[in-house]
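Everything on this sheet refers to the single structure shown next.
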Amino acid sequence: MAKREGYINWDEYFMGIALLSAERSKDPNSQVGACIVSEDNKILSIGYNGFPIGCSDDEISWDREGEFADTKYPYVCHAELNAILNYTGTSLRGSKIYVALFPCNECAKAIIQSGIKEVIYKSDKYKDTDSVKVSKKLFDMAKVKYTQYKSRGIKLEMDL
């Protein structure tokens, strides 16, 4: 008997984990997930965008506009940073990160500092912003490879 055909490849698997992780986000506008993977295709850590542990997401506004302290921006921890901070091992050197949205400049710095060598991202919808332009410049300087995920259009359905 031959092996099963139609199974998902590694990129589809890990991007799927990142997208599933994004479903944990309570942000009404942006749900982003991240999955960090070792060089031998082992999941090291996952994360999604949300408030820090111990900070109630019912007490702070999810607004995008208004006074800075009255918006979500100073409080939300991005998926990439959460995945890096959630890692309990010794080193992320040489790993890669799968993420739903191209990293901002702050996450780019954390990615570089942690030793992650490749970023595979699904969406680059903020590519014209200064933050993403700086991210790409930082990645280029640090020789961190970034590649847009190429979907084969696979649809998966799960009963949870």
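Within each chain, counting starts at residue 1; across the structure tokens, chains are named A, B, ... in the order shown, with ligands numbered 1 upward in that order.
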I'd like the contact shell of stretch 121-129 of chain A - 6 Å cut-off, only C-alpha atoms, skipping same-chain residues fewer than 4 positions apart - returned as JSON, numbers by chain.
{"A": [98, 99, 100, 101, 102, 148, 149]}
Can you list, as a count of residues only, every residue of chain A that DSSP puts in strand (DSSP E or B)?
29
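Closest approach to A:Phe14 among A:Ile120, A:Ala110, A:Met158, A:Leu92: A:Ile120, based on only C-alpha atoms.
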Identify, on the basis of only C-alpha atoms, every residue whose closest approach to A:Asp63 does not exceed 12 Å; exclude the query and any residue fewer than 3 positions from it along the same chain; express the result as a PyMOL selection string.
chain A and resi 27-30+57+60+66-76
Contacts of A:Ala22 within 12 Å, only C-alpha atoms, excl. fewer than 4 positions in-chain, as JSON, numbers by chain
{"A": [15, 16, 17, 18, 26, 27, 28, 29, 30, 31, 32, 33, 34, 35, 46, 47, 48, 49, 50, 78, 79, 80, 82, 83, 98, 99, 100, 101]}
